[in-house]
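Here is the file upload_3.cif (mmCIF, C-alpha atoms).
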```cif
data_protein
#
loop_
_atom_site.label_atom_id
_atom_site.label_comp_id
_atom_site.auth_asym_id
_atom_site.auth_seq_id
_atom_site.Cartn_x
_atom_site.Cartn_y
_atom_site.Cartn_z
CA SER A 1 28.77 69.46 156.60
CA GLN A 2 30.54 66.13 156.58
CA GLN A 3 28.93 63.22 158.37
CA GLY A 4 31.67 60.62 158.05
CA GLU A 5 35.28 60.93 159.04
CA GLU A 6 37.84 58.59 157.57
CA ASP A 7 40.93 57.37 159.31
CA PRO A 8 43.74 57.46 158.37
CA GLN A 9 43.86 60.50 156.11
CA ALA A 10 46.61 58.89 154.08
CA LEU A 11 47.97 55.37 153.71
CA SER A 12 51.02 54.16 151.83
CA ILE A 13 51.53 50.43 151.25
CA GLN A 14 53.26 48.05 148.88
CA GLU A 15 51.61 45.84 146.31
CA GLY A 16 50.29 42.65 147.81
CA GLU A 17 49.67 44.16 151.24
CA ASN A 18 46.23 44.75 152.70
CA ALA A 19 44.85 48.25 153.16
CA THR A 20 42.38 49.05 155.92
CA MET A 21 40.60 52.33 156.41
CA ASN A 22 37.92 53.32 158.87
CA CYS A 23 34.93 55.60 158.82
CA SER A 24 33.09 57.03 161.80
CA TYR A 25 29.80 58.84 161.62
CA LYS A 26 27.57 60.75 164.01
CA THR A 27 23.88 60.12 163.36
CA SER A 28 21.78 57.06 162.63
CA ILE A 29 21.96 55.76 159.08
CA ASN A 30 19.95 53.76 156.59
CA ASN A 31 23.02 52.60 154.70
CA LEU A 32 26.70 53.35 154.32
CA GLN A 33 28.54 53.36 151.02
CA TRP A 34 32.17 53.41 149.94
CA TYR A 35 33.39 55.19 146.84
CA ARG A 36 36.75 55.44 145.08
CA GLN A 37 38.09 58.52 143.34
CA ASN A 38 41.07 58.40 141.04
CA SER A 39 42.98 61.63 140.59
CA GLY A 40 41.09 64.08 138.40
CA ARG A 41 38.09 61.79 138.01
CA GLY A 42 34.61 61.39 139.44
CA LEU A 43 33.72 59.04 142.26
CA VAL A 44 32.96 55.40 141.57
CA HIS A 45 30.65 53.39 143.79
CA LEU A 46 32.32 50.36 145.37
CA ILE A 47 29.95 48.81 147.86
CA LEU A 48 26.84 49.52 149.93
CA ILE A 49 26.09 48.05 153.33
CA ARG A 50 22.74 48.47 155.04
CA SER A 51 22.22 49.28 158.69
CA ASN A 52 21.00 45.75 159.41
CA GLU A 53 24.09 44.15 157.86
CA ARG A 54 27.39 43.61 159.63
CA GLU A 55 29.71 42.52 156.83
CA LYS A 56 29.77 42.50 153.07
CA HIS A 57 32.22 41.31 150.45
CA SER A 58 32.83 42.27 146.86
CA GLY A 59 35.86 40.80 145.14
CA ARG A 60 38.92 41.97 147.09
CA LEU A 61 36.83 44.36 149.17
CA ARG A 62 35.45 43.63 152.61
CA VAL A 63 33.28 46.12 154.46
CA THR A 64 32.15 45.89 158.05
CA LEU A 65 29.59 48.00 159.86
CA ASP A 66 29.16 48.44 163.59
CA THR A 67 26.12 50.59 164.21
CA SER A 68 26.63 50.53 167.99
CA LYS A 69 29.98 52.24 167.49
CA LYS A 70 28.82 54.21 164.46
CA SER A 71 31.78 53.01 162.47
CA SER A 72 32.66 51.10 159.33
CA SER A 73 35.84 49.71 157.86
CA LEU A 74 36.94 49.00 154.32
CA LEU A 75 39.57 46.34 153.72
CA ILE A 76 41.28 45.97 150.37
CA THR A 77 43.13 42.67 150.21
CA ALA A 78 46.19 41.95 148.06
CA SER A 79 46.43 45.56 146.93
CA ARG A 80 47.58 46.53 143.44
CA ALA A 81 49.08 49.72 142.05
CA ALA A 82 45.73 50.34 140.34
CA ASP A 83 44.11 50.64 143.79
CA THR A 84 45.92 53.96 144.27
CA ALA A 85 43.09 56.44 144.80
CA SER A 86 41.12 58.31 147.44
CA TYR A 87 38.44 56.34 149.24
CA PHE A 88 35.34 57.96 150.69
CA CYS A 89 32.63 56.70 152.94
CA ALA A 90 29.17 58.16 152.52
CA THR A 91 26.17 57.83 154.78
CA ALA A 92 22.50 57.89 153.93
CA GLY A 93 20.04 58.70 156.67
CA ASP A 94 16.27 58.47 156.71
CA SER A 95 16.01 61.44 154.36
CA TRP A 96 16.55 59.82 150.98
CA GLY A 97 18.97 61.59 148.70
CA LYS A 98 21.09 63.32 151.31
CA LEU A 99 24.20 61.22 150.93
CA GLN A 100 26.96 62.84 153.00
CA PHE A 101 30.60 62.12 152.30
CA GLY A 102 33.58 62.01 154.58
CA ALA A 103 36.92 63.69 153.90
CA GLY A 104 38.45 60.57 152.38
CA THR A 105 41.52 58.39 152.80
CA GLN A 106 44.27 58.78 150.21
CA VAL A 107 45.81 55.40 149.45
CA VAL A 108 49.07 54.99 147.57
CA VAL A 109 50.11 51.49 146.50
CA THR A 110 53.70 51.22 145.31
CA PRO A 111 54.84 48.38 143.03
CA ASP B 1 26.00 53.46 128.43
CA ALA B 2 27.96 56.72 128.24
CA GLY B 3 27.60 57.47 131.91
CA VAL B 4 26.97 60.90 133.38
CA ILE B 5 28.28 63.56 131.03
CA GLN B 6 29.39 66.95 132.28
CA SER B 7 30.54 69.97 130.33
CA PRO B 8 32.74 71.85 130.19
CA ARG B 9 35.57 69.79 131.66
CA HIS B 10 37.45 72.93 132.66
CA GLU B 11 36.23 76.49 133.00
CA VAL B 12 38.35 79.54 133.72
CA THR B 13 36.54 82.80 134.17
CA GLU B 14 36.93 86.17 135.75
CA MET B 15 35.21 87.34 138.89
CA GLY B 16 31.77 88.73 138.16
CA GLN B 17 31.14 86.62 135.09
CA GLU B 18 28.26 84.19 134.74
CA VAL B 19 29.18 80.50 134.70
CA THR B 20 26.93 77.69 133.50
CA LEU B 21 27.77 74.06 134.14
CA ARG B 22 25.92 71.33 132.30
CA CYS B 23 25.02 67.76 133.08
CA LYS B 24 23.42 64.90 131.20
CA PRO B 25 22.42 62.08 133.58
CA ILE B 26 22.35 58.41 132.72
CA SER B 27 19.33 57.58 130.62
CA GLY B 28 16.53 56.18 132.78
CA HIS B 29 17.84 57.62 136.02
CA ASN B 30 15.29 59.78 137.79
CA SER B 31 17.42 61.52 140.40
CA LEU B 32 20.17 64.04 139.83
CA PHE B 33 22.62 65.56 142.29
CA TRP B 34 25.05 68.47 142.17
CA TYR B 35 28.10 68.28 144.45
CA ARG B 36 31.03 70.62 144.96
CA GLN B 37 34.46 69.39 146.01
CA THR B 38 37.18 71.52 147.59
CA MET B 39 40.22 70.68 149.66
CA MET B 40 38.89 72.66 152.61
CA ARG B 41 35.29 71.45 152.69
CA GLY B 42 35.43 68.11 150.88
CA LEU B 43 32.34 66.99 148.99
CA GLU B 44 29.26 69.10 149.61
CA LEU B 45 25.78 68.33 148.32
CA LEU B 46 24.42 71.48 146.73
CA ILE B 47 21.03 70.39 145.42
CA TYR B 48 19.23 67.31 144.20
CA PHE B 49 16.28 66.64 141.93
CA ASN B 50 13.85 63.77 141.78
CA ASN B 51 11.81 63.39 138.59
CA ASN B 52 13.06 66.84 137.49
CA VAL B 53 11.73 68.51 140.65
CA PRO B 54 14.17 70.14 143.10
CA ILE B 55 13.82 68.29 146.40
CA ASP B 56 16.44 69.90 148.61
CA ASP B 57 18.51 72.97 147.80
CA SER B 58 19.65 73.67 151.34
CA GLY B 59 23.26 73.13 150.29
CA MET B 60 23.25 75.91 147.73
CA PRO B 61 25.67 78.47 149.17
CA GLU B 62 23.76 81.61 148.33
CA ASP B 63 21.46 83.29 145.84
CA ARG B 64 24.23 83.53 143.30
CA PHE B 65 23.77 79.80 142.69
CA SER B 66 20.81 78.38 140.82
CA ALA B 67 20.06 75.00 139.30
CA LYS B 68 17.48 73.81 136.83
CA MET B 69 16.37 70.54 135.37
CA PRO B 70 14.07 71.31 132.44
CA ASN B 71 13.80 67.66 131.42
CA ALA B 72 14.97 64.19 132.46
CA SER B 73 18.11 64.36 130.36
CA PHE B 74 19.56 67.76 131.18
CA SER B 75 20.45 69.94 134.14
CA THR B 76 22.37 73.17 134.62
CA LEU B 77 24.08 74.79 137.55
CA LYS B 78 24.54 78.52 137.16
CA ILE B 79 26.66 80.91 139.19
CA GLN B 80 25.99 84.60 138.66
CA PRO B 81 28.07 86.54 139.47
CA SER B 82 31.00 84.23 140.09
CA GLU B 83 33.57 84.85 142.84
CA PRO B 84 37.06 83.42 143.44
CA ARG B 85 35.78 81.39 146.41
CA ASP B 86 33.54 79.48 143.98
CA SER B 87 36.63 77.82 142.52
CA ALA B 88 36.17 74.08 142.98
CA VAL B 89 35.36 70.88 141.14
CA TYR B 90 31.64 70.55 140.54
CA PHE B 91 30.25 67.05 140.13
CA CYS B 92 26.94 65.92 138.81
CA ALA B 93 25.66 62.48 139.77
CA SER B 94 22.56 60.52 138.94
CA SER B 95 20.76 57.52 140.38
CA LEU B 96 17.67 55.44 139.96
CA ALA B 97 15.64 56.11 143.08
CA GLY B 98 14.04 53.14 144.73
CA THR B 99 14.89 49.98 146.59
CA ASP B 100 18.50 48.89 146.18
CA SER B 101 19.19 51.84 143.92
CA GLU B 102 20.73 54.37 146.23
CA LYS B 103 24.16 54.30 144.68
CA LEU B 104 25.27 57.35 142.76
CA PHE B 105 26.94 57.47 139.37
CA PHE B 106 29.23 60.47 139.05
CA GLY B 107 30.37 62.45 136.06
CA SER B 108 34.01 63.43 135.59
CA GLY B 109 33.38 66.88 137.01
CA THR B 110 33.93 70.47 135.92
CA GLN B 111 37.05 72.14 137.27
CA LEU B 112 36.06 75.77 137.81
CA SER B 113 38.63 78.49 138.36
CA VAL B 114 37.40 82.00 139.05
CA LEU B 115 40.19 84.57 138.82
#
```

Take the structure in the file and write it out as structure tokens.
Amino acid sequence: SQQGEEDPQALSIQEGENATMNCSYKTSINNLQWYRQNSGRGLVHLILIRSNEREKHSGRLRVTLDTSKKSSSLLITASRAADTASYFCATAGDSWGKLQFGAGTQVVVTP
Amino acid sequence: DAGVIQSPRHEVTEMGQEVTLRCKPISGHNSLFWYRQTMMRGLELLIYFNNNVPIDDSGMPEDRFSAKMPNASFSTLKIQPSEPRDSAVYFCASSLAGTDSEKLFFGSGTQLSVL
């Protein structure tokens, strides 16, 4: 069963714009991760944020975590056509190894 | 590093046939995961191993599915007999268990079509 739910399901923007997607989850977590999947490929890890962290940056990526609301957001700044992909949040609870993925947000960046 | 290697890349088979999917994790990684991805159910964790030992197989759909990890560099996922509803993309992922090492490295997947 899926733990995280991403919103929106799909997002279409132009190059240079920012893309924001959200993830909500149901149970307590140890950490939350974001992954990217290009069409026909495997998932690639982007960033991990722990339950005691509120914000994290990596290049053009910014992730926030609000454990009181059980939600996270991923912001991609100054988007590029190469950012076109599906983005998944994944939560890790106390039981190590059981990383549960959401349904994903499909992002299309047009030149 | 070559990354996680899965084979075959595509598999088309007929209902009732046995299917074996293969995975070579990243050298040095001690945890291995099998996921299945479908449009309807998204990404589902089927089973994972730590140090070649199956830790949790609660995601395995039914007895037709079995997974083995005979050594640190090889794992198989077998479906016998296969059914059309098994059609999906099967991903293998590996990680190095321990502090700050929870991120997964995924293979390119095996696209399975059962006719």

Which residues come within 9 Å of Gly16 in chain B, counting all atoms listed in the file, excluding same-chain residues fewer than 2 positions away, as a compact mmCIF listing (two decimals) with C-alpha atoms, keeping the file's coordinate frame?
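Output (around_3.txt):
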```txt
# COMPACT_ATOMS: atom_id res chain seq x y z
CA THR B 13 36.54 82.80 134.17
CA GLU B 14 36.93 86.17 135.75
CA GLU B 18 28.26 84.19 134.74
CA GLN B 80 25.99 84.60 138.66
CA PRO B 81 28.07 86.54 139.47
CA SER B 82 31.00 84.23 140.09
CA GLU B 83 33.57 84.85 142.84
CA VAL B 114 37.40 82.00 139.05
```

Determine, using all atoms listed in the file, which residues of range 26-89 of chain B have any atom at most 12 Å from an atom of range 39-60 of chain A, and tabulate each with its shortest atom pair and distance in Å to one decimal place, rows ordered by chain and then rising number, as JSON lines.
```
{"residue": "B:Tyr35", "atom": "CA", "partner": "A:Gly42", "partner_atom": "CA", "distance": 10.7}
{"residue": "B:Arg36", "atom": "CA", "partner": "A:Gly42", "partner_atom": "CA", "distance": 11.3}
{"residue": "B:Gln37", "atom": "CA", "partner": "A:Gly42", "partner_atom": "CA", "distance": 10.4}
{"residue": "B:Leu43", "atom": "CA", "partner": "A:Leu43", "partner_atom": "CA", "distance": 10.5}
{"residue": "B:Val89", "atom": "CA", "partner": "A:Gly40", "partner_atom": "CA", "distance": 9.3}
```

Atoms to include: C-alpha atoms. Write the selected residues as a PDB file, in the coordinates of the input.
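The new file result.pdb reads:
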```pdb
ATOM      1  CA  TYR B  35      28.100  68.280 144.450  1.00  0.00           C
ATOM      2  CA  ARG B  36      31.030  70.620 144.960  1.00  0.00           C
ATOM      3  CA  GLN B  37      34.460  69.390 146.010  1.00  0.00           C
ATOM      4  CA  LEU B  43      32.340  66.990 148.990  1.00  0.00           C
ATOM      5  CA  VAL B  89      35.360  70.880 141.140  1.00  0.00           C
TER       6      VAL B  89
END
```

Check: Residues of chain B within 6 Å of chain A, using all atoms listed in the file, as a ChimeraX atom specification?
Finding: /B:42,106-108

Checklist line | Shortest interatomic distance to Asn50 in chain B - which of B:Gln6, B:Ser113, B:Ser31, B:Thr20, counting all atoms listed in the file | finding: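 Closest candidate: B:Ser31.
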
Checklist line | Pick from B:Asn71, B:Leu46, B:Arg22, B:Glu62 nearest to Ile5 in chain B, counting only C-alpha atoms | finding: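 Ranking B:Asn71, B:Leu46, B:Arg22, B:Glu62 by distance to Ile5 in chain B, first place goes to B:Arg22.
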
Check: Counting all atoms listed in the file, which of B:Leu45, B:Leu32, B:Val19, B:Val4 gets nearest to Ala97 in chain B?
Finding: B:Leu32

Notebook entry, point to check: From the set B:Arg85, B:Arg9, B:Lys24, B:Lys103, which residue has the shortest atom-to-atom contact distance to Arg41 in chain B, counting all atoms listed in the file?
Noted result: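 That would be B:Arg85, the residue with the smallest distance to Arg41 in chain B.
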
Next item on the list: Tell me which protein, DNA and RNA residues are within 6 Å of range 68-79 of chain A, counting all atoms listed in the file, leaving out same-chain ones fewer than 4 positions away, and put them as a list in words.
Entry: Glu15, Gly16, Glu17, Asn18, Ala19, Thr20, Met21, Asn22, Cys23, Ser24, Tyr25, Arg60, Leu61, Arg62, Val63 and Thr64 of chain A

Note to self: Could you tell me, as a ChimeraX atom specification, exactly which residues end up selected when the PyMOL selection byres ((chain A and resi 9) around 8) is applied to this structure?
What the structure shows: /A:6-8,10-11,103-106

Notebook entry, point to check: What is the CA of Pro61 in chain B-CA of Tyr48 in chain B distance in Å, reported with one decimal?
Noted result: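 These two atoms are separated by 13.8 Å.
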
Note to self: Need the shell around Phe74 in chain B: protein/DNA/RNA residues with any atom at most 9 Å away, counting all atoms listed in the file. Skip same-chain ones fewer than 2 positions apart. Format as a ChimeraX atom specification?
What the structure shows: /B:22-25,68-72,76

Notebook entry, point to check: Near Phe33 in chain B, counting only C-alpha atoms, which residues have an atom at most 7 Å away, once you skip same-chain residues fewer than 6 positions from it, shown as an MDAnalysis selection string?
Noted result: chainID B and resid 47:49 92:94

Listed atoms of range 106-110 of chain A boxed axis-aligned with 5 Å per side, centre + edges as lines of an AutoDock Vina configuration file:
```
center_x = 49.0
center_y = 55.0
center_z = 147.8
size_x = 19.4
size_y = 17.6
size_z = 14.9
```

Item checked: Nearest candidate to Pro111 in chain A (options A:Ala90, A:Thr27, A:Arg80, A:Ala85; using all atoms listed in the file) ->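 For Pro111 in chain A, the nearest of the given residues is A:Arg80.
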
Margin query: Using Å and a single decimal, report how far CA of Asp57 in chain B sits from CA of Glu11 in chain B.
Written below: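 Computed distance, CA of Glu11 in chain B to CA of Asp57 in chain B, equals 23.4 Å.
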
Next item on the list: Mind giving me the straight-line distance from CA of Leu21 in chain B to CA of Ile55 in chain B in Å, one decimal?
Entry: 19.4 Å

Notebook entry, point to check: With all atoms listed in the file as the atoms that count, which of A:Leu65, A:Cys89, A:Ile13, A:Val108 lies nearest to Asn38 in chain A?
Noted result: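 When distances to Asn38 in chain A are compared using all atoms listed in the file, the smallest one comes from A:Val108.
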